[in-house]
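**Q** Next comes query.cif, mmCIF, C-alpha atoms and all ligand atoms:
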```cif
data_work
loop_
_atom_site.label_atom_id
_atom_site.label_comp_id
_atom_site.auth_asym_id
_atom_site.auth_seq_id
_atom_site.Cartn_x
_atom_site.Cartn_y
_atom_site.Cartn_z
CA MET H 1 -139.63 -91.90 31.38
CA PRO H 2 -139.56 -92.99 27.71
CA SER H 3 -141.13 -90.55 25.32
CA SER H 4 -141.99 -90.56 21.61
CA LEU H 5 -141.00 -88.42 18.64
CA LEU H 6 -142.36 -87.63 15.20
CA ILE H 7 -140.01 -86.12 12.62
CA ARG H 8 -141.76 -84.21 9.83
CA ASN H 9 -140.70 -82.80 6.47
CA ALA H 10 -137.14 -84.18 6.38
CA VAL H 11 -135.72 -85.84 3.29
CA PHE H 12 -135.34 -89.47 4.27
CA ILE H 13 -132.28 -91.31 2.89
CA ASP H 14 -133.31 -94.85 1.99
CA VAL H 15 -129.83 -96.39 2.02
CA GLU H 16 -130.97 -99.81 0.85
CA ALA H 17 -132.56 -98.38 -2.30
CA GLY H 18 -129.97 -95.59 -2.60
CA VAL H 19 -132.60 -92.87 -3.00
CA ALA H 20 -133.73 -89.75 -1.14
CA ARG H 21 -137.44 -89.64 -0.27
CA PRO H 22 -138.74 -86.18 0.63
CA GLY H 23 -141.44 -85.64 3.18
CA GLU H 24 -141.97 -89.09 4.69
CA PRO H 25 -142.61 -88.79 8.44
CA ILE H 26 -140.41 -90.84 10.77
CA ALA H 27 -141.71 -92.00 14.15
CA ILE H 28 -139.73 -93.26 17.15
CA ARG H 29 -141.10 -94.96 20.22
CA LYS H 30 -139.50 -97.23 22.84
CA GLY H 31 -136.09 -96.99 21.18
CA CYS H 32 -137.32 -98.19 17.78
CA PHE H 33 -138.71 -96.82 14.56
CA GLU H 34 -142.44 -97.39 14.18
CA ALA H 35 -145.01 -96.78 11.46
CA PRO H 36 -146.34 -93.26 12.12
CA VAL H 37 -149.77 -93.47 13.69
CA ALA H 38 -152.48 -90.83 13.89
CA SER H 39 -152.26 -90.64 17.68
CA ARG H 40 -150.20 -87.86 19.14
CA TYR H 41 -146.50 -87.98 19.81
CA ASP H 42 -144.97 -86.43 22.91
CA ASN H 43 -142.57 -84.46 20.70
CA GLU H 44 -142.69 -83.35 17.09
CA ILE H 45 -139.91 -81.68 15.15
CA ASP H 46 -139.96 -80.07 11.74
CA LEU H 47 -136.75 -80.78 9.82
CA ALA H 48 -137.69 -79.08 6.55
CA GLY H 49 -134.66 -78.72 4.29
CA LEU H 50 -132.65 -81.33 6.22
CA PHE H 51 -131.73 -84.95 5.50
CA VAL H 52 -132.21 -87.95 7.77
CA CYS H 53 -129.95 -90.97 7.38
CA PRO H 54 -129.40 -94.13 9.48
CA GLY H 55 -126.70 -93.84 12.15
CA LEU H 56 -123.29 -94.91 10.83
CA ILE H 57 -121.41 -98.11 11.66
CA ASP H 58 -117.60 -98.00 11.96
CA ALA H 59 -116.59 -101.63 11.56
CA HIS H 60 -113.02 -101.25 12.82
CA VAL H 61 -112.11 -99.12 15.84
CA HIS H 62 -109.90 -99.27 18.93
CA LEU H 63 -111.65 -97.39 21.71
CA PHE H 64 -108.69 -97.70 24.08
CA LEU H 65 -106.13 -96.10 21.76
CA ASP H 66 -106.15 -92.32 21.57
CA GLY H 67 -105.64 -91.78 17.81
CA GLY H 68 -102.83 -89.27 18.45
CA ALA H 69 -99.19 -89.21 17.36
CA ALA H 70 -98.10 -92.09 19.65
CA PRO H 71 -101.12 -94.15 20.71
CA LEU H 72 -99.15 -97.16 21.92
CA GLU H 73 -96.89 -95.12 24.19
CA THR H 74 -99.89 -93.26 25.62
CA PHE H 75 -101.74 -96.52 26.24
CA LEU H 76 -98.78 -98.15 27.98
CA ALA H 77 -98.17 -95.11 30.20
CA ALA H 78 -101.82 -94.81 31.29
CA ASP H 79 -103.48 -96.37 34.34
CA GLU H 80 -106.95 -97.89 34.23
CA THR H 81 -108.74 -94.62 34.98
CA ALA H 82 -106.87 -92.76 32.25
CA ARG H 83 -107.59 -95.58 29.80
CA MET H 84 -111.31 -95.40 30.54
CA ARG H 85 -111.11 -91.62 30.01
CA VAL H 86 -109.59 -92.13 26.56
CA ALA H 87 -112.38 -94.56 25.64
CA ALA H 88 -115.05 -92.10 26.87
CA ALA H 89 -113.55 -89.25 24.82
CA ASN H 90 -113.40 -91.50 21.74
CA ALA H 91 -117.00 -92.60 22.25
CA ALA H 92 -118.14 -88.98 22.57
CA LEU H 93 -116.35 -88.00 19.34
CA ALA H 94 -117.85 -91.00 17.54
CA ILE H 95 -121.36 -89.88 18.52
CA GLU H 96 -120.67 -86.27 17.47
CA SER H 97 -119.53 -87.72 14.12
CA GLY H 98 -122.77 -89.63 13.57
CA ILE H 99 -121.36 -93.06 14.42
CA THR H 100 -123.96 -94.97 16.42
CA THR H 101 -122.32 -98.42 16.30
CA VAL H 102 -118.65 -99.39 16.47
CA ARG H 103 -116.99 -102.76 16.19
CA ASP H 104 -114.07 -102.63 18.63
CA CYS H 105 -111.36 -104.74 17.03
CA GLY H 106 -109.16 -105.15 20.08
CA GLY H 107 -108.34 -103.59 23.41
CA PRO H 108 -107.79 -104.61 27.04
CA GLY H 109 -110.61 -107.16 27.30
CA ASP H 110 -111.79 -106.51 30.86
CA LEU H 111 -111.92 -102.74 30.32
CA VAL H 112 -113.57 -102.99 26.89
CA PHE H 113 -116.40 -105.15 28.23
CA ARG H 114 -116.83 -102.96 31.31
CA PHE H 115 -116.95 -99.86 29.11
CA ALA H 116 -119.48 -101.43 26.71
CA ARG H 117 -121.76 -102.34 29.64
CA ALA H 118 -121.56 -98.78 31.02
CA ILE H 119 -122.70 -97.47 27.62
CA GLU H 120 -125.55 -99.98 27.44
CA ARG H 121 -126.74 -98.87 30.87
CA GLY H 122 -126.65 -95.24 29.72
CA GLU H 123 -123.96 -94.25 32.24
CA ILE H 124 -121.67 -93.07 29.43
CA ALA H 125 -122.89 -91.51 26.17
CA GLY H 126 -121.52 -93.43 23.23
CA PRO H 127 -122.16 -95.70 20.29
CA ARG H 128 -123.36 -99.29 20.57
CA ILE H 129 -120.22 -101.42 20.94
CA LEU H 130 -119.63 -104.79 19.30
CA ALA H 131 -116.52 -105.85 21.16
CA ALA H 132 -113.91 -108.52 20.52
CA GLY H 133 -112.25 -107.82 23.86
CA SER H 134 -108.63 -108.94 23.79
CA PRO H 135 -107.41 -110.04 20.37
CA LEU H 136 -105.66 -113.41 20.03
CA THR H 137 -102.05 -113.05 18.95
CA ARG H 138 -98.90 -115.20 18.91
CA PRO H 139 -96.52 -114.80 21.88
CA ALA H 140 -95.10 -111.23 21.71
CA GLY H 141 -97.16 -110.71 18.53
CA HIS H 142 -98.92 -107.59 17.27
CA CYS H 143 -101.18 -106.09 19.99
CA HIS H 144 -99.81 -108.48 22.66
CA PHE H 145 -99.92 -105.59 25.18
CA PHE H 146 -103.70 -105.95 25.38
CA GLY H 147 -104.09 -109.28 23.62
CA ILE H 148 -104.12 -112.91 24.71
CA GLU H 149 -100.95 -114.66 23.61
CA VAL H 150 -101.66 -118.07 22.11
CA ALA H 151 -98.98 -120.65 21.29
CA THR H 152 -101.13 -123.72 20.63
CA PRO H 153 -104.61 -124.55 19.28
CA ALA H 154 -105.70 -125.40 22.86
CA ASP H 155 -104.59 -121.91 24.01
CA ALA H 156 -106.70 -120.41 21.23
CA ALA H 157 -109.82 -122.41 22.17
CA ARG H 158 -109.44 -121.36 25.82
CA ALA H 159 -108.98 -117.70 24.87
CA VAL H 160 -112.08 -117.72 22.67
CA GLU H 161 -114.16 -119.33 25.45
CA LEU H 162 -112.93 -116.70 27.90
CA GLN H 163 -113.80 -113.76 25.66
CA ALA H 164 -117.18 -115.28 24.81
CA ARG H 165 -117.99 -115.69 28.51
CA HIS H 166 -117.17 -112.05 29.13
CA GLY H 167 -119.49 -110.78 26.42
CA ALA H 168 -117.50 -110.78 23.16
CA ALA H 169 -119.63 -110.07 20.08
CA PHE H 170 -116.94 -111.57 17.82
CA VAL H 171 -113.39 -112.91 17.94
CA LYS H 172 -110.38 -111.00 16.63
CA LEU H 173 -107.31 -112.86 15.44
CA ILE H 174 -103.98 -111.22 14.63
CA ALA H 175 -102.55 -113.24 11.75
CA SER H 176 -99.59 -111.04 10.84
CA GLY H 177 -97.43 -108.37 12.40
CA GLY H 178 -98.52 -104.73 12.47
CA GLY H 179 -96.96 -101.29 12.28
CA LEU H 180 -98.01 -100.41 15.83
CA THR H 181 -96.05 -103.19 17.54
CA PRO H 182 -92.25 -103.18 17.68
CA GLY H 183 -90.73 -106.60 17.06
CA THR H 184 -93.44 -107.67 14.62
CA SER H 185 -93.50 -107.34 10.85
CA PRO H 186 -96.54 -106.78 8.62
CA ALA H 187 -94.73 -108.93 6.04
CA GLU H 188 -94.74 -111.95 8.33
CA ALA H 189 -97.70 -114.37 8.61
CA ASP H 190 -96.97 -115.23 12.20
CA LEU H 191 -100.09 -117.02 13.47
CA PRO H 192 -99.99 -120.71 12.50
CA ALA H 193 -102.86 -122.04 10.36
CA GLU H 194 -103.83 -124.72 12.90
CA ILE H 195 -104.27 -122.11 15.63
CA MET H 196 -106.49 -120.05 13.33
CA ARG H 197 -108.61 -123.08 12.43
CA GLU H 198 -109.13 -123.96 16.09
CA ALA H 199 -110.00 -120.36 17.01
CA VAL H 200 -112.62 -120.29 14.23
CA ARG H 201 -114.06 -123.61 15.40
CA ALA H 202 -114.33 -122.35 19.00
CA ALA H 203 -115.86 -119.06 17.83
CA ARG H 204 -118.49 -120.88 15.77
CA ALA H 205 -119.31 -123.11 18.76
CA ASN H 206 -120.09 -119.88 20.65
CA GLY H 207 -122.06 -118.36 17.77
CA LEU H 208 -119.41 -115.71 17.12
CA GLN H 209 -117.95 -114.31 13.94
CA VAL H 210 -114.20 -114.08 13.40
CA ALA H 211 -112.33 -111.00 12.17
CA VAL H 212 -108.72 -111.49 11.15
CA HIS H 213 -106.01 -108.82 11.00
CA CYS H 214 -103.95 -109.60 7.88
CA HIS H 215 -101.15 -107.72 6.16
CA ALA H 216 -98.93 -110.52 4.83
CA THR H 217 -100.47 -112.17 1.76
CA GLU H 218 -99.82 -115.57 3.33
CA SER H 219 -101.85 -114.51 6.39
CA ILE H 220 -104.78 -113.62 4.09
CA ARG H 221 -104.62 -117.10 2.55
CA ARG H 222 -104.62 -118.69 6.01
CA ALA H 223 -107.59 -116.58 7.07
CA ILE H 224 -109.55 -117.70 3.99
CA GLU H 225 -108.69 -121.32 4.60
CA ALA H 226 -109.56 -121.08 8.33
CA GLY H 227 -113.02 -119.67 7.52
CA ALA H 228 -112.76 -116.02 8.59
CA ASP H 229 -115.88 -113.85 8.33
CA THR H 230 -114.05 -110.57 7.81
CA ILE H 231 -110.47 -109.77 6.83
CA GLU H 232 -109.12 -106.51 8.24
CA HIS H 233 -106.68 -104.35 6.20
CA ALA H 234 -105.94 -107.13 3.64
CA SER H 235 -102.96 -105.15 2.43
CA PHE H 236 -101.32 -107.99 0.45
CA THR H 237 -97.85 -107.47 1.88
CA SER H 238 -95.12 -109.53 0.20
CA PRO H 239 -92.23 -111.07 2.17
CA ASP H 240 -90.03 -108.05 1.26
CA GLY H 241 -92.63 -105.66 2.71
CA SER H 242 -93.88 -104.28 -0.60
CA PRO H 243 -97.57 -104.40 -1.56
CA GLY H 244 -98.65 -106.90 -4.21
CA PHE H 245 -102.38 -107.32 -4.75
CA ASP H 246 -103.11 -110.91 -5.74
CA PRO H 247 -106.24 -111.28 -7.93
CA GLU H 248 -106.49 -115.02 -7.32
CA THR H 249 -106.56 -114.61 -3.55
CA ALA H 250 -109.08 -111.78 -3.95
CA ALA H 251 -111.25 -114.12 -6.03
CA SER H 252 -111.25 -116.74 -3.29
CA ILE H 253 -112.17 -114.07 -0.71
CA ARG H 254 -115.19 -113.30 -2.92
CA ASP H 255 -116.04 -116.96 -3.55
CA ARG H 256 -116.06 -117.76 0.18
CA GLY H 257 -118.29 -114.75 0.91
CA ILE H 258 -115.64 -113.20 3.15
CA VAL H 259 -115.97 -109.46 3.74
CA VAL H 260 -113.02 -107.04 3.68
CA SER H 261 -112.56 -103.90 5.74
CA PRO H 262 -109.66 -102.19 3.95
CA THR H 263 -109.06 -99.42 6.58
CA ALA H 264 -107.54 -97.15 3.92
CA ILE H 265 -107.72 -93.82 5.70
CA SER H 266 -105.46 -94.78 8.60
CA GLY H 267 -102.89 -96.12 6.14
CA VAL H 268 -103.02 -92.94 4.05
CA ARG H 269 -102.58 -90.72 7.11
CA ILE H 270 -99.69 -92.69 8.60
CA ALA H 271 -97.98 -92.72 5.19
CA ARG H 272 -98.38 -88.94 4.98
CA THR H 273 -96.67 -88.55 8.36
CA ILE H 274 -93.77 -90.76 7.28
CA ARG H 275 -93.40 -88.71 4.09
CA GLU H 276 -93.52 -85.41 5.97
CA THR H 277 -91.19 -86.32 8.81
CA GLY H 278 -88.89 -88.66 6.91
CA SER H 279 -89.23 -91.11 9.79
CA ARG H 280 -89.74 -94.76 9.17
CA ASN H 281 -89.98 -98.00 11.03
CA GLY H 282 -86.38 -99.19 11.29
CA ARG H 283 -85.43 -100.92 8.04
CA ASP H 284 -89.01 -101.00 6.76
CA HIS H 285 -88.34 -99.19 3.45
CA ASN H 286 -91.67 -100.20 1.95
CA ALA H 287 -93.94 -98.75 4.64
CA VAL H 288 -95.22 -95.80 2.57
CA ALA H 289 -95.93 -97.91 -0.53
CA ARG H 290 -97.65 -100.54 1.56
CA LEU H 291 -99.78 -98.07 3.51
CA GLU H 292 -100.83 -96.14 0.42
CA ALA H 293 -101.64 -99.35 -1.46
CA ARG H 294 -104.64 -99.87 0.83
CA ARG H 295 -106.26 -96.96 -0.98
CA GLU H 296 -105.64 -98.53 -4.41
CA HIS H 297 -106.88 -101.90 -3.19
CA ILE H 298 -110.40 -100.56 -2.63
CA ALA H 299 -111.01 -100.37 -6.39
CA ARG H 300 -109.35 -103.72 -7.01
CA PHE H 301 -111.48 -105.46 -4.39
CA ARG H 302 -114.60 -103.82 -5.76
CA ASP H 303 -113.72 -104.85 -9.32
CA ALA H 304 -113.14 -108.41 -8.07
CA GLY H 305 -116.66 -108.46 -6.58
CA VAL H 306 -115.52 -108.56 -2.92
CA THR H 307 -117.96 -107.06 -0.40
CA LEU H 308 -116.38 -104.14 1.46
CA ILE H 309 -117.41 -102.60 4.75
CA ALA H 310 -116.13 -99.34 6.16
CA GLY H 311 -113.76 -99.36 9.10
CA SER H 312 -111.46 -96.46 9.91
CA ASP H 313 -109.09 -98.25 12.34
CA CYS H 314 -109.51 -95.13 14.47
CA GLY H 315 -107.49 -95.10 17.65
CA VAL H 316 -104.28 -95.93 15.75
CA ALA H 317 -101.77 -93.18 14.90
CA ARG H 318 -103.32 -89.93 13.66
CA THR H 319 -106.72 -91.49 13.19
CA ALA H 320 -109.33 -89.98 15.49
CA PHE H 321 -112.89 -91.19 16.00
CA ASP H 322 -114.26 -88.77 13.41
CA SER H 323 -112.43 -90.55 10.55
CA LEU H 324 -115.21 -92.72 9.13
CA ALA H 325 -116.49 -90.02 6.74
CA ASP H 326 -112.96 -89.83 5.31
CA GLU H 327 -112.81 -93.63 4.91
CA LEU H 328 -116.05 -93.36 2.91
CA GLY H 329 -114.45 -90.51 0.98
CA GLU H 330 -111.69 -92.97 0.03
CA PHE H 331 -114.34 -95.45 -1.18
CA VAL H 332 -115.84 -92.76 -3.43
CA ARG H 333 -112.40 -91.65 -4.61
CA ALA H 334 -111.82 -95.29 -5.66
CA GLY H 335 -114.85 -95.09 -7.94
CA MET H 336 -117.70 -96.32 -5.73
CA SER H 337 -120.98 -94.41 -5.86
CA CYS H 338 -121.95 -92.43 -2.75
CA ALA H 339 -124.87 -94.85 -2.30
CA ASP H 340 -122.56 -97.89 -2.31
CA ALA H 341 -120.13 -96.19 0.08
CA LEU H 342 -122.98 -95.24 2.43
CA ARG H 343 -124.27 -98.81 2.41
CA ALA H 344 -120.79 -99.99 3.46
CA ALA H 345 -121.29 -98.00 6.68
CA THR H 346 -125.01 -98.74 7.22
CA CYS H 347 -127.17 -101.58 5.90
CA ASP H 348 -124.40 -103.66 4.27
CA ALA H 349 -122.19 -103.38 7.37
CA ALA H 350 -125.12 -104.40 9.60
CA ARG H 351 -125.86 -107.43 7.43
CA CYS H 352 -122.22 -108.51 7.24
CA LEU H 353 -121.84 -108.20 11.02
CA LYS H 354 -125.11 -110.09 11.61
CA GLN H 355 -126.74 -107.12 13.29
CA GLU H 356 -130.19 -107.56 11.82
CA SER H 357 -131.96 -104.64 13.51
CA ILE H 358 -129.64 -101.70 12.82
CA GLY H 359 -128.36 -99.88 9.74
CA GLN H 360 -131.69 -98.78 8.26
CA ILE H 361 -134.54 -96.48 9.11
CA ARG H 362 -137.16 -99.17 9.09
CA VAL H 363 -140.10 -100.14 11.29
CA GLY H 364 -138.92 -102.31 14.18
CA PHE H 365 -135.25 -101.38 13.76
CA ALA H 366 -133.28 -99.66 16.55
CA ALA H 367 -133.81 -95.90 16.27
CA ASP H 368 -130.29 -94.87 15.23
CA LEU H 369 -130.36 -91.81 13.01
CA ILE H 370 -128.44 -88.72 12.05
CA VAL H 371 -129.72 -85.41 10.71
CA LEU H 372 -127.59 -83.83 7.97
CA ARG H 373 -127.46 -80.45 6.24
CA GLY H 374 -127.09 -81.97 2.77
CA ASN H 375 -127.65 -85.14 0.79
CA PRO H 376 -124.94 -87.77 1.45
CA LEU H 377 -125.95 -89.56 -1.77
CA ILE H 378 -124.42 -86.54 -3.53
CA ASP H 379 -121.43 -85.79 -1.29
CA MET H 380 -119.93 -87.67 1.66
CA ILE H 381 -118.88 -84.33 3.14
CA TYR H 382 -122.37 -83.95 4.60
CA LEU H 383 -121.72 -86.88 6.91
CA ARG H 384 -119.29 -84.72 8.86
CA SER H 385 -120.76 -82.84 11.82
CA PRO H 386 -124.35 -84.08 11.76
CA LEU H 387 -126.87 -81.67 13.25
CA MET H 388 -128.50 -84.33 15.42
CA VAL H 389 -127.56 -87.84 16.47
CA ILE H 390 -130.03 -90.33 17.96
CA ARG H 391 -128.96 -93.78 19.12
CA ASN H 392 -131.42 -96.40 20.27
CA GLY H 393 -133.98 -93.65 20.66
CA VAL H 394 -131.76 -91.45 22.84
CA ILE H 395 -130.99 -87.99 21.51
CA LEU H 396 -127.25 -87.79 22.20
CA CYS H 397 -126.35 -84.72 20.17
CA ASP H 398 -128.36 -81.73 18.99
CA ARG H 399 -126.47 -78.94 17.23
CA ARG H 400 -129.49 -77.11 15.80
CA ALA H 401 -129.93 -73.42 16.62
CA PRO H 402 -130.86 -72.88 20.29
CA ALA H 403 -134.38 -71.71 19.43
CA GLU H 404 -135.12 -74.96 17.61
CA ARG H 405 -133.33 -77.19 20.05
CA THR H 406 -135.76 -76.71 22.97
CA THR H 407 -134.98 -79.45 25.47
CA LEU H 408 -134.53 -82.48 23.24
CA GLU H 409 -130.91 -83.35 24.02
CA GLY H 410 -130.74 -86.31 26.36
CA LEU H 411 -134.37 -87.19 25.71
CA VAL H 412 -135.01 -90.93 25.89
CA LEU H 413 -137.51 -92.14 23.31
ZN ZN H 501 -107.00 -102.27 14.04
#
```
Take the structure in this file and express it as structure tokens.
Ligand SMILES: [Zn+2]

**A**
Amino acid sequence: MPSSLLIRNAVFIDVEAGVARPGEPIAIRKGCFEAPVASRYDNEIDLAGLFVCPGLIDAHVHLFLDGGAAPLETFLAADETARMRVAAANAALAIESGITTVRDCGGPGDLVFRFARAIERGEIAGPRILAAGSPLTRPAGHCHFFGIEVATPADAARAVELQARHGAAFVKLIASGGGLTPGTSPAEADLPAEIMREAVRAARANGLQVAVHCHATESIRRAIEAGADTIEHASFTSPDGSPGFDPETAASIRDRGIVVSPTAISGVRIARTIRETGSRNGRDHNAVARLEARREHIARFRDAGVTLIAGSDCGVARTAFDSLADELGEFVRAGMSCADALRAATCDAARCLKQESIGQIRVGFAADLIVLRGNPLIDMIYLRSPLMVIRNGVILCDRRAPAERTTLEGLVL
């Protein structure tokens, strides 16, 4: 039976304005924020000394990869049940980390959609999922093991229609190789421009946005020309595998209003592993430089006026579902203010992904919120381990002291 909740005395983080507002009451009813009314609420909590912030949005995740040392091998060895278990564990960690919405940028389509529906029905606790389903890739291309291989524009149109019918919230295209997939190269723009154009046309016809995985600089140019909505990674990889940020291409990303999700933290972590172990991908001598360049590109994109949203690429090697706070830490390290970084994982991300009713604590918006021990406008570290997490008015996590916790966890508002 739905209930209602009034939160008193917390410091409310207004992400849009980038300010902390002490003492404003926050009311939740029927899964949404409402203007507090004088009538009684079924539950009231006093959060004096604590901070309340909108639930976070991770704009680039892979729920069906385990984020460990060898995610591809684990995925390939697992049966369907084990794969669903990995997704459930990832979803649980996302919630514990304050992430109330994820954009799944590619997985086994049938399982991803089934998993997203189970979360919507409340059978599994997890974040809201915006799913691409299976990504479109060239034959034997990056992510082909759970993607749809497309060799012609007609293949691409069919694949988009199929994913749309099954509930895709957007379309994911793989326009270059990737580190995860043997036999592909990040330096190679391996999805032809005409296939990308047709995929974008079909996506638009179904009212869907298009996210494009791009490492090779040429693949970024094709994504711009095809009309992508978001470019993932955008690591500006030259034909020899080295990074080479191109200001002119960045300017056209900005001019077309395309949004970039630089996924720096996964790159930084994989580079660290390569440095520590001395291992590398075959003859790929530039892997470390290329991976670490993603971190430097954040500042260059920002200086070029490109809109950035935060995506951790969690699920890939050594990138678990609690990595978004560290991605935001990279944004701040690159010179962004905490307020700008926080917007990249809340209101700005929601706007860029056309999710008009999430990302802010605002009357009528979905009641996604996190309770923090400190002010995230001062330090991103407070985003780690939130004390409470509410998604769509359901209290999914409550780490307050037992005496304060009463029986709120699991409560449906
Ligand atoms: Zn990815």

**Q** Residues within 9 Å of ligand ZN 501 (chain H) should be enumerated using all atoms listed in the file and returned as a list of chain:residue names.

**A**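 The distance check yields H:His60, H:Val61, H:His62, H:Asp104, H:Cys105, H:Gly106, H:Gly178, H:His213, H:Glu232, H:His233, H:Thr263, H:Gly311, H:Ser312, H:Asp313, H:Cys314, H:Gly315, H:Val316.
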
**Q** So how many Å separate atom CA of Arg222 of chain H and atom CA of Gly179 of chain H, to one decimal?

**A**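 Going from atom CA of Arg222 of chain H over to atom CA of Gly179 of chain H covers 20.0 Å.
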
**Q** Pick out the residues sitting within 8 Å of Asp110 of chain H, and hand them over as a list in words; count only C-alpha atoms, and ignore anything fewer than 3 positions along from it in its own chain.

**A** Phe113, Arg114, Gly133 and His166 of chain H

**Q** Atoms to include: C-alpha atoms. Write the selected residues as a compact mmCIF listing (two decimals), in the coordinates of the input.

**A**
```txt
# COMPACT_ATOMS: atom_id res chain seq x y z
CA PHE H 113 -116.40 -105.15 28.23
CA ARG H 114 -116.83 -102.96 31.31
CA GLY H 133 -112.25 -107.82 23.86
CA HIS H 166 -117.17 -112.05 29.13
```

**Q** Under the rule that all atoms listed in the file are counted, which of H:Arg391, H:Arg351, H:Ser261, H:Ala125 is the nearest residue to Ala366 of chain H?

**A** H:Arg391

**Q** In Å, how far is it from atom CA of Gly23 of chain H to atom CA of Ile57 of chain H?

**A**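 These atoms are spaced 25.1 Å apart.
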
**Q** Calculate how many Å separate atom CA of Ile7 of chain H from atom CA of Asp368 of chain H, rounding to one decimal.

**A**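 About the pair atom CA of Ile7 of chain H and atom CA of Asp368 of chain H: they are 13.3 Å apart.
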
**Q** Contacts of Ala344 of chain H at 8 Å or less, counting only C-alpha atoms, minus same-chain residues fewer than 3 places along, as an mmCIF file with C-alpha atoms, keeping the file's coordinate frame?

**A**
```cif
data_model
loop_
_atom_site.group_PDB
_atom_site.id
_atom_site.type_symbol
_atom_site.label_atom_id
_atom_site.label_comp_id
_atom_site.auth_asym_id
_atom_site.auth_seq_id
_atom_site.Cartn_x
_atom_site.Cartn_y
_atom_site.Cartn_z
ATOM 1 C CA LEU H 308 -116.380 -104.140 1.460
ATOM 2 C CA ILE H 309 -117.410 -102.600 4.750
ATOM 3 C CA ALA H 310 -116.130 -99.340 6.160
ATOM 4 C CA ASP H 340 -122.560 -97.890 -2.310
ATOM 5 C CA ALA H 341 -120.130 -96.190 0.080
ATOM 6 C CA CYS H 347 -127.170 -101.580 5.900
ATOM 7 C CA ASP H 348 -124.400 -103.660 4.270
ATOM 8 C CA ALA H 349 -122.190 -103.380 7.370
#
```

**Q** Rank nothing, just name the residue among H:Leu50, H:Ile390, H:Ala320, H:Val210 nearest to Phe33 of chain H, using only C-alpha atoms.

**A** H:Ile390

**Q** Can you work out which one of H:Ala154, H:Ala17, H:Leu63, H:Leu72 has the shortest atom-to-atom distance to Phe115 of chain H, counting all atoms listed in the file?

**A**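 Selected residue with least distance to Phe115 of chain H: H:Leu63.
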
**Q** Return the single residue from H:Ile95, H:Val15, H:Ala226, H:Leu5 that is closest to Ala350 of chain H, with distances computed using only C-alpha atoms.

**A**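 Result for the nearest residue to Ala350 of chain H: H:Val15.
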
**Q** Out of H:Leu65, H:Leu130, H:Cys32, H:Leu180, which residue has the shortest atom-to-atom distance to Pro108 of chain H when counting all atoms listed in the file?

**A** H:Leu65

**Q** With distances taken over all atoms listed in the file, which residue among H:Pro376, H:Phe75, H:Val11, H:Ser4 lies nearest Glu44 of chain H?

**A** H:Ser4

**Q** With 12 Å as the threshold, what does the neighbourhood of (-100.1, -110.5, 23.5) contain in terms of residues, counting all atoms listed in the file? Coordinates are those of the file; answer as a compact mmCIF listing (two decimals) with C-alpha atoms, in the frame of the given file.

**A**
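The result, written out as part.txt:
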```
# COMPACT_ATOMS: atom_id res chain seq x y z
CA GLY H 106 -109.16 -105.15 20.08
CA GLY H 107 -108.34 -103.59 23.41
CA PRO H 108 -107.79 -104.61 27.04
CA GLY H 109 -110.61 -107.16 27.30
CA SER H 134 -108.63 -108.94 23.79
CA PRO H 135 -107.41 -110.04 20.37
CA LEU H 136 -105.66 -113.41 20.03
CA THR H 137 -102.05 -113.05 18.95
CA ARG H 138 -98.90 -115.20 18.91
CA PRO H 139 -96.52 -114.80 21.88
CA ALA H 140 -95.10 -111.23 21.71
CA GLY H 141 -97.16 -110.71 18.53
CA HIS H 142 -98.92 -107.59 17.27
CA CYS H 143 -101.18 -106.09 19.99
CA HIS H 144 -99.81 -108.48 22.66
CA PHE H 145 -99.92 -105.59 25.18
CA PHE H 146 -103.70 -105.95 25.38
CA GLY H 147 -104.09 -109.28 23.62
CA ILE H 148 -104.12 -112.91 24.71
CA GLU H 149 -100.95 -114.66 23.61
CA VAL H 150 -101.66 -118.07 22.11
CA ALA H 151 -98.98 -120.65 21.29
CA ALA H 159 -108.98 -117.70 24.87
CA LEU H 173 -107.31 -112.86 15.44
CA ILE H 174 -103.98 -111.22 14.63
CA GLY H 177 -97.43 -108.37 12.40
CA THR H 181 -96.05 -103.19 17.54
CA THR H 184 -93.44 -107.67 14.62
CA LEU H 191 -100.09 -117.02 13.47
```
